[in-house]
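**Q** Sharing start_26.tsv (TSV, C-alpha atoms and all ligand atoms) below.
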```
chain	number	residue	atom	x	y	z
R	1	VAL	CA	12.33	-11.71	11.19
R	2	TRP	CA	9.75	-9.00	11.58
R	3	ARG	CA	10.88	-5.76	13.20
R	4	PRO	CA	13.98	-7.05	15.02
R	5	GLU	CA	15.54	-4.63	17.48
R	6	PRO	CA	18.07	-2.40	15.67
R	7	GLY	CA	21.52	-3.98	16.05
R	8	PHE	CA	20.15	-7.45	16.81
R	9	LEU	CA	20.99	-8.94	13.41
R	10	ALA	CA	24.51	-7.44	13.57
R	11	SER	CA	25.02	-9.27	16.88
R	12	LEU	CA	24.65	-12.72	15.25
R	13	PRO	CA	28.15	-13.83	14.18
R	14	ASN	CA	27.06	-16.79	12.00
R	15	LEU	CA	24.17	-15.11	10.21
R	16	LYS	CA	24.06	-16.02	6.50
R	17	LEU	CA	20.60	-15.09	5.21
R	18	ILE	CA	17.90	-12.64	6.32
R	19	LEU	CA	14.27	-13.47	5.55
R	20	SER	CA	11.59	-10.86	6.15
R	21	LEU	CA	8.30	-12.25	7.45
R	22	GLY	CA	6.49	-9.46	5.63
R	23	ALA	CA	6.33	-8.03	2.10
R	24	GLY	CA	7.91	-4.75	3.17
R	25	VAL	CA	11.50	-4.45	4.38
R	26	ASP	CA	11.59	-0.84	5.57
R	27	HIS	CA	11.75	-2.17	9.16
R	28	LEU	CA	14.98	-4.03	8.29
R	29	LEU	CA	16.64	-1.42	6.09
R	30	GLY	CA	16.05	1.22	8.77
R	31	ASP	CA	18.55	-0.56	11.05
R	32	PRO	CA	21.83	1.37	10.71
R	33	GLN	CA	23.78	-1.74	11.77
R	34	LEU	CA	22.04	-4.09	9.31
R	35	PRO	CA	24.60	-6.51	7.78
R	36	ARG	CA	23.87	-5.25	4.27
R	37	HIS	CA	26.37	-7.59	2.65
R	38	LEU	CA	24.13	-10.58	3.48
R	39	PRO	CA	21.31	-11.60	1.14
R	40	ILE	CA	17.92	-10.23	2.23
R	41	VAL	CA	14.69	-11.68	0.89
R	42	ARG	CA	11.12	-10.57	1.46
R	43	LEU	CA	7.90	-12.53	1.57
R	44	VAL	CA	5.83	-12.71	-1.59
R	45	ASP	CA	2.83	-14.93	-0.88
R	46	PRO	CA	0.10	-15.10	-3.55
R	47	HIS	CA	-2.50	-15.45	-0.78
R	48	MET	CA	-1.23	-12.24	0.82
R	49	THR	CA	-1.47	-10.58	-2.59
R	50	ASP	CA	-5.08	-11.79	-2.88
R	51	ALA	CA	-5.82	-10.41	0.59
R	52	MET	CA	-4.41	-6.99	-0.34
R	53	SER	CA	-6.44	-6.93	-3.54
R	54	GLU	CA	-9.57	-7.82	-1.55
R	55	TYR	CA	-8.86	-4.84	0.70
R	56	VAL	CA	-8.20	-2.47	-2.21
R	57	VAL	CA	-11.27	-3.61	-4.16
R	58	LEU	CA	-13.42	-3.34	-1.02
R	59	GLN	CA	-12.28	0.21	-0.34
R	60	VAL	CA	-12.42	1.41	-3.95
R	61	LEU	CA	-15.97	0.04	-4.24
R	62	ARG	CA	-16.89	1.71	-0.95
R	63	LEU	CA	-15.64	5.05	-2.25
R	64	HIS	CA	-17.03	4.57	-5.76
R	65	ARG	CA	-20.51	3.63	-4.42
R	66	ARG	CA	-20.50	6.52	-1.89
R	67	ASP	CA	-20.77	4.22	1.09
R	68	LEU	CA	-19.54	6.88	3.52
R	69	ASP	CA	-22.29	9.25	2.39
R	70	TYR	CA	-24.95	6.55	2.73
R	71	ARG	CA	-23.64	5.63	6.22
R	72	ALA	CA	-24.01	9.30	7.21
R	73	GLN	CA	-27.50	9.44	5.69
R	74	GLN	CA	-28.56	6.30	7.56
R	75	GLU	CA	-27.23	7.79	10.78
R	76	ALA	CA	-29.39	10.86	10.15
R	77	GLY	CA	-32.41	8.83	8.99
R	78	VAL	CA	-32.21	10.35	5.50
R	79	TRP	CA	-33.56	8.53	2.43
R	80	ARG	CA	-31.92	10.19	-0.59
R	81	GLU	CA	-30.46	8.92	-3.87
R	82	LEU	CA	-27.01	10.28	-4.64
R	83	ASP	CA	-25.44	10.59	-8.11
R	84	GLN	CA	-23.62	7.47	-9.22
R	85	LYS	CA	-21.03	7.10	-11.96
R	86	ASN	CA	-20.42	3.90	-13.87
R	87	ALA	CA	-17.19	2.10	-12.98
R	88	VAL	CA	-15.86	2.72	-16.49
R	89	GLU	CA	-16.11	6.47	-15.82
R	90	ARG	CA	-14.22	6.18	-12.50
R	91	ARG	CA	-10.52	6.82	-12.78
R	92	VAL	CA	-8.44	4.91	-10.26
R	93	GLY	CA	-4.68	5.47	-9.89
R	94	ILE	CA	-2.31	3.05	-8.21
R	95	LEU	CA	1.04	4.19	-6.81
R	96	GLY	CA	3.35	1.16	-7.02
R	97	LEU	CA	2.92	-1.50	-9.67
R	98	GLY	CA	4.77	-4.35	-8.01
R	99	GLU	CA	3.38	-7.65	-6.76
R	100	LEU	CA	0.50	-5.97	-4.97
R	101	GLY	CA	-0.20	-3.01	-7.27
R	102	GLN	CA	-0.38	-5.10	-10.44
R	103	ASP	CA	-2.79	-7.61	-8.91
R	104	ALA	CA	-5.05	-4.89	-7.50
R	105	ALA	CA	-5.00	-3.10	-10.88
R	106	LYS	CA	-5.97	-6.29	-12.71
R	107	LYS	CA	-8.89	-6.97	-10.34
R	108	LEU	CA	-10.14	-3.37	-10.46
R	109	LYS	CA	-9.99	-3.47	-14.26
R	110	ALA	CA	-12.03	-6.68	-14.22
R	111	LEU	CA	-14.73	-4.71	-12.38
R	112	GLY	CA	-14.67	-2.13	-15.16
R	113	PHE	CA	-12.70	0.70	-13.52
R	114	ASP	CA	-10.49	2.98	-15.61
R	115	VAL	CA	-7.18	2.10	-13.93
R	116	ALA	CA	-3.67	3.50	-14.39
R	117	GLY	CA	-0.54	2.99	-12.34
R	118	TRP	CA	2.78	4.55	-11.44
R	119	ARG	CA	6.16	2.91	-10.90
R	120	ARG	CA	9.85	3.77	-10.84
R	121	SER	CA	10.91	1.98	-14.02
R	122	GLU	CA	9.53	2.41	-17.53
R	123	LYS	CA	8.36	-1.24	-17.62
R	124	THR	CA	4.85	-1.64	-18.98
R	125	VAL	CA	2.05	-3.94	-17.85
R	126	THR	CA	-0.09	-5.37	-20.64
R	127	GLY	CA	-3.48	-3.69	-20.78
R	128	LEU	CA	-2.66	-1.06	-18.17
R	129	ARG	CA	-1.78	2.62	-18.58
R	130	CYS	CA	1.56	3.02	-16.79
R	131	HIS	CA	3.34	6.23	-15.80
R	132	ALA	CA	6.90	6.21	-14.55
R	133	GLY	CA	9.27	8.25	-12.44
R	134	ALA	CA	9.12	11.88	-11.36
R	135	ALA	CA	7.75	13.03	-14.73
R	136	GLY	CA	4.96	10.46	-14.65
R	137	LEU	CA	3.69	11.25	-11.16
R	138	PRO	CA	1.71	14.43	-12.00
R	139	LEU	CA	0.13	12.62	-14.96
R	140	LEU	CA	-1.06	9.79	-12.72
R	141	LEU	CA	-2.24	12.13	-9.96
R	142	GLY	CA	-4.07	14.47	-12.36
R	143	ARG	CA	-6.36	11.66	-13.50
R	144	SER	CA	-6.94	9.79	-10.22
R	145	GLU	CA	-10.36	10.27	-8.62
R	146	ILE	CA	-9.43	7.43	-6.29
R	147	LEU	CA	-5.73	7.13	-5.47
R	148	VAL	CA	-4.40	3.89	-3.95
R	149	CYS	CA	-0.92	3.79	-2.40
R	150	LEU	CA	0.88	0.42	-2.61
R	151	LEU	CA	4.46	1.68	-2.63
R	152	PRO	CA	7.33	0.39	-0.50
R	153	LEU	CA	8.58	2.87	2.08
R	154	THR	CA	11.95	4.22	0.92
R	155	ALA	CA	13.85	7.49	1.18
R	156	GLU	CA	12.20	8.49	-2.11
R	157	THR	CA	8.61	7.60	-1.18
R	158	GLU	CA	8.54	8.81	2.45
R	159	GLY	CA	5.94	11.61	2.68
R	160	ILE	CA	4.88	11.18	-0.95
R	161	LEU	CA	1.24	11.78	0.02
R	162	ASN	CA	1.60	15.47	0.97
R	163	SER	CA	-0.07	18.82	0.29
R	164	SER	CA	1.65	19.22	-3.10
R	165	THR	CA	0.76	15.78	-4.44
R	166	LEU	CA	-2.76	15.80	-2.95
R	167	ALA	CA	-3.31	19.19	-4.66
R	168	LEU	CA	-2.64	17.58	-8.05
R	169	LEU	CA	-5.56	15.16	-7.67
R	170	PRO	CA	-8.93	16.18	-9.15
R	171	ARG	CA	-10.93	18.16	-6.57
R	172	GLY	CA	-12.90	15.85	-4.28
R	173	ALA	CA	-10.68	12.82	-4.94
R	174	ALA	CA	-10.39	10.03	-2.38
R	175	LEU	CA	-7.31	8.30	-1.01
R	176	VAL	CA	-6.59	4.72	0.06
R	177	ASN	CA	-3.29	4.10	1.85
R	178	ALA	CA	-2.54	0.44	2.49
R	179	ALA	CA	1.25	0.71	2.18
R	180	ARG	CA	3.03	2.42	5.09
R	181	GLY	CA	1.98	5.21	7.45
R	182	ALA	CA	5.05	7.30	6.67
R	183	HIS	CA	3.97	7.68	3.04
R	184	LEU	CA	1.36	10.16	4.29
R	185	VAL	CA	1.95	13.55	5.86
R	186	GLU	CA	-1.00	13.26	8.22
R	187	GLU	CA	-1.54	16.98	8.87
R	188	HIS	CA	-1.57	17.62	5.12
R	189	LEU	CA	-4.39	15.10	4.70
R	190	LEU	CA	-6.41	16.78	7.46
R	191	ALA	CA	-5.98	20.16	5.70
R	192	ALA	CA	-6.93	18.68	2.32
R	193	LEU	CA	-10.07	17.14	3.86
R	194	ALA	CA	-10.97	20.43	5.51
R	195	SER	CA	-10.66	22.34	2.23
R	196	GLY	CA	-12.64	19.74	0.24
R	197	GLN	CA	-9.68	18.96	-2.03
R	198	ILE	CA	-9.92	15.40	-0.67
R	199	SER	CA	-13.40	14.03	0.05
R	200	ALA	CA	-12.50	10.84	1.92
R	201	ALA	CA	-9.58	8.67	2.97
R	202	VAL	CA	-9.32	5.01	3.87
R	203	LEU	CA	-6.19	4.32	5.91
R	204	ASP	CA	-4.78	0.99	7.06
R	205	VAL	CA	-1.36	2.27	8.14
R	206	PHE	CA	-0.18	5.14	10.31
R	207	ARG	CA	2.98	6.94	11.37
R	208	GLU	CA	2.42	5.68	14.90
R	209	GLU	CA	0.84	2.24	15.37
R	210	PRO	CA	-1.34	1.53	17.26
R	211	LEU	CA	-2.89	4.88	16.36
R	212	PRO	CA	-2.83	7.00	19.57
R	213	ALA	CA	-6.24	7.24	21.29
R	214	ASP	CA	-6.37	11.03	20.89
R	215	HIS	CA	-5.44	11.04	17.19
R	216	PRO	CA	-7.84	13.19	15.09
R	217	PHE	CA	-8.24	10.40	12.50
R	218	TRP	CA	-10.26	8.22	14.91
R	219	HIS	CA	-13.44	10.29	14.81
R	220	HIS	CA	-13.04	12.13	11.51
R	221	PRO	CA	-16.27	11.76	9.50
R	222	CYS	CA	-14.40	11.44	6.19
R	223	ILE	CA	-11.82	8.89	7.34
R	224	VAL	CA	-12.27	5.14	7.50
R	225	LEU	CA	-9.48	3.36	9.31
R	226	THR	CA	-8.39	-0.23	9.88
R	227	PRO	CA	-5.60	-1.39	12.25
R	228	HIS	CA	-2.89	-2.45	9.71
R	229	VAL	CA	-4.77	-5.54	8.60
R	230	ALA	CA	-5.00	-5.12	4.81
R	231	ALA	CA	-2.84	-8.19	4.22
R	232	PHE	CA	-0.96	-9.92	6.94
R	233	THR	CA	1.33	-12.91	6.94
R	234	ASN	CA	-0.50	-16.22	7.24
R	235	PRO	CA	1.92	-18.83	8.67
R	236	VAL	CA	0.17	-21.69	6.87
R	237	THR	CA	0.87	-20.32	3.40
R	238	ALA	CA	4.01	-18.31	4.23
R	239	ALA	CA	6.03	-21.11	5.86
R	240	PRO	CA	6.47	-23.24	2.68
R	241	ILE	CA	7.53	-20.12	0.73
R	242	ILE	CA	10.13	-19.24	3.36
R	243	LEU	CA	11.30	-22.87	3.49
R	244	ASP	CA	11.72	-22.91	-0.29
R	245	ASN	CA	14.05	-19.90	-0.08
R	246	ILE	CA	16.07	-21.51	2.74
R	247	ARG	CA	16.48	-24.67	0.62
R	248	ARG	CA	17.49	-22.57	-2.39
R	249	PHE	CA	20.12	-20.88	-0.25
R	250	GLU	CA	21.47	-24.17	1.13
R	251	GLU	CA	21.65	-25.69	-2.36
R	252	GLY	CA	23.25	-22.61	-3.90
R	253	ARG	CA	20.26	-21.92	-6.19
R	254	PRO	CA	19.03	-18.36	-6.93
R	255	LEU	CA	16.93	-16.83	-4.15
R	256	LEU	CA	13.42	-15.56	-4.88
R	257	ASN	CA	12.31	-12.00	-4.06
R	258	ARG	CA	15.70	-10.64	-3.16
R	259	VAL	CA	15.78	-7.12	-1.82
R	260	ASP	CA	18.18	-4.52	-3.19
R	261	PRO	CA	19.26	-2.53	-0.09
R	262	ALA	CA	20.60	0.29	-2.25
R	263	ARG	CA	17.22	0.71	-4.00
R	264	GLY	CA	15.37	0.32	-0.68
R	265	TYR	CA	12.92	-2.42	-1.74
J	1	LIG	N1	-0.95	-2.78	4.93
J	1	LIG	C1	-0.54	-4.02	4.82
J	1	LIG	O1	-1.08	-4.91	5.46
J	1	LIG	C2	0.58	-4.36	3.86
J	1	LIG	C3	0.78	-5.71	3.53
J	1	LIG	C4	1.77	-6.04	2.61
J	1	LIG	C5	2.55	-5.03	2.03
J	1	LIG	N2	2.34	-3.74	2.38
J	1	LIG	C6	3.18	-2.68	1.77
J	1	LIG	O2	3.06	-2.76	0.34
J	1	LIG	C7	4.34	-2.46	-0.21
J	1	LIG	C8	4.42	-2.92	-1.66
J	1	LIG	O3	4.53	-4.34	-1.73
J	1	LIG	P1	4.86	-5.09	-3.10
J	1	LIG	O4	5.03	-6.53	-2.76
J	1	LIG	O5	3.88	-4.73	-4.15
J	1	LIG	O6	6.28	-4.43	-3.47
J	1	LIG	P2	7.12	-4.55	-4.81
J	1	LIG	O7	6.72	-5.78	-5.58
J	1	LIG	O8	8.54	-4.36	-4.46
J	1	LIG	O9	6.60	-3.29	-5.68
J	1	LIG	C9	6.93	-1.99	-5.37
J	1	LIG	C10	6.43	-1.06	-6.49
J	1	LIG	O10	6.66	0.29	-6.10
J	1	LIG	C11	7.39	0.93	-7.15
J	1	LIG	N3	8.29	1.95	-6.59
J	1	LIG	C12	9.25	1.80	-5.63
J	1	LIG	N4	9.88	2.96	-5.41
J	1	LIG	C13	9.34	3.86	-6.25
J	1	LIG	C14	9.58	5.22	-6.54
J	1	LIG	N5	10.54	5.92	-5.89
J	1	LIG	N6	8.84	5.83	-7.48
J	1	LIG	C15	7.89	5.14	-8.16
J	1	LIG	N7	7.60	3.84	-7.95
J	1	LIG	C16	8.32	3.22	-7.01
J	1	LIG	C17	8.18	-0.16	-7.83
J	1	LIG	O11	8.57	0.28	-9.14
J	1	LIG	P3	9.28	-0.73	-10.18
J	1	LIG	O12	8.20	-1.71	-10.59
J	1	LIG	O13	9.68	0.17	-11.29
J	1	LIG	O14	10.41	-1.39	-9.45
J	1	LIG	C18	7.16	-1.29	-7.81
J	1	LIG	O15	6.26	-1.17	-8.90
J	1	LIG	C19	5.30	-3.12	0.76
J	1	LIG	O16	6.59	-2.55	0.67
J	1	LIG	C20	4.65	-2.84	2.09
J	1	LIG	O17	5.14	-1.62	2.62
J	1	LIG	C21	1.37	-3.38	3.27
```
Show how you would write the structure in this file as structure tokens.
**A**
Amino acid sequence: VWRPEPGFLASLPNLKLILSLGAGVDHLLGDPQLPRHLPIVRLVDPHMTDAMSEYVVLQVLRLHRRDLDYRAQQEAGVWRELDQKNAVERRVGILGLGELGQDAAKKLKALGFDVAGWRRSEKTVTGLRCHAGAAGLPLLLGRSEILVCLLPLTAETEGILNSSTLALLPRGAALVNAARGAHLVEEHLLAALASGQISAAVLDVFREEPLPADHPFWHHPCIVLTPHVAAFTNPVTAAPIILDNIRRFEEGRPLLNRVDPARGY
């Protein structure tokens, strides 16, 4: 399922297994009548992971190489060289070091970026600077000139991109949110852009989707937006993965990518 009507799953008397057609499960766990005693699995498709990393690399390169500034210069017919750092001098921070965050970090590192990440647990990732938990968040933010959000949406991460956290980034930092719209407090981003604390934002997800026609993000010169397309489910590659989990369930073998409803992801 993908975004079933709240209460729909509870209305199915013989339901045994719930498979999310997407990587995130916030749409399921938000249903107050969700049969939480049933196993819930999410989709982890390596091709979807590749697609997300393509998106993240594309946007980080765009910000790193000052593409927005050059677009504006072209618009104005201006020929001017802007300062350019080397990738190794560019500090990128990734919120969420799961399936998607780890792959994006690895690919950004391969391009030479100085990458660090943040997660809930103290687990480390070989070759990557990892910060964990509430104490680790300011450390990650304080170093991130480009901050990429790849967190699941949970009670703990809702609104995590807000005026307090954005203020901890180095002045002029840029933001990429490809996780969920509700991670961002949208008015706080607009204020941070107005003050210069944030120089640019690339957003794939929004509190309300489709983004309303009169939303200020549409025509903001420092915002690039895409319509929730960073990585979507491709039936050709997803179907065999879903089938494998159904077979595992029928044969009593361990399920892959099980969700912990108490943890929220
Ligand atoms: N825009 C799109 O098209 C699109 C497509 C696919 C997915 N997504 C979004 O991307 C999200 C991430 O996917 P994924 O497959 O990478 O998920 P995942 O494998 O479950 O990884 C989640 C990561 O977030 C960390 N995390 C969770 N709660 C946290 C907290 N309170 N504090 C710090 N770290 C926390 C986890 O920490 P631990 O490692 O310590 O557990 C883990 O590293 C999905 O939930 C979905 O919302 C968006």
**Q** Report as a ChimeraX atom specification all protein, DNA and RNA residues lying within 9 Å of Ala182 (chain R), evaluated on all atoms listed in the file, omitting residues in the same chain fewer than 3 positions from it.
**A** /R:153,157-161,179,185-186,205-208
**Q** Return as a VMD selection string every polymer residue, whether protein, DNA or RNA, with at least one atom no more than 7 Å from an atom of ligand LIG 1 (chain J); count all atoms listed in the file.
**A** chain R and resid 22 to 25 44 52 95 to 101 118 to 123 132 to 133 150 to 154 156 to 157 178 to 180 204 to 205 228 to 232 265
**Q** Work out how far CA of Pro138 (chain R) is from CA of Thr165 (chain R), in Å to one decimal.
**A**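 Going from CA of Thr165 (chain R) over to CA of Pro138 (chain R) covers 7.7 Å.
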**Q** Could you check which of R:Asp83, R:Asp69, R:Glu89, R:Asp260 is closest to Pro221 (chain R), using only C-alpha atoms?
**A**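 Using only C-alpha atoms, Pro221 (chain R) sits closest to R:Asp69.
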**Q** Could you tell me how far CA of Ser144 (chain R) sits from CA of Leu189 (chain R), in Å to one decimal place?
**A**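 According to the coordinates, CA of Leu189 (chain R) and CA of Ser144 (chain R) are separated by 16.0 Å.
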**Q** Expressed in Å to a single decimal, how great is the separation between CA of Leu15 (chain R) and CA of Pro39 (chain R)?
**A**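 Pair CA of Leu15 (chain R) / CA of Pro39 (chain R) returns 10.1 Å.
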**Q** From the options R:Gln59, R:Gln74, R:Asn245, R:Ser199, which residue's atoms come nearest to Thr226 (chain R), counting all atoms listed in the file?
**A** R:Gln59
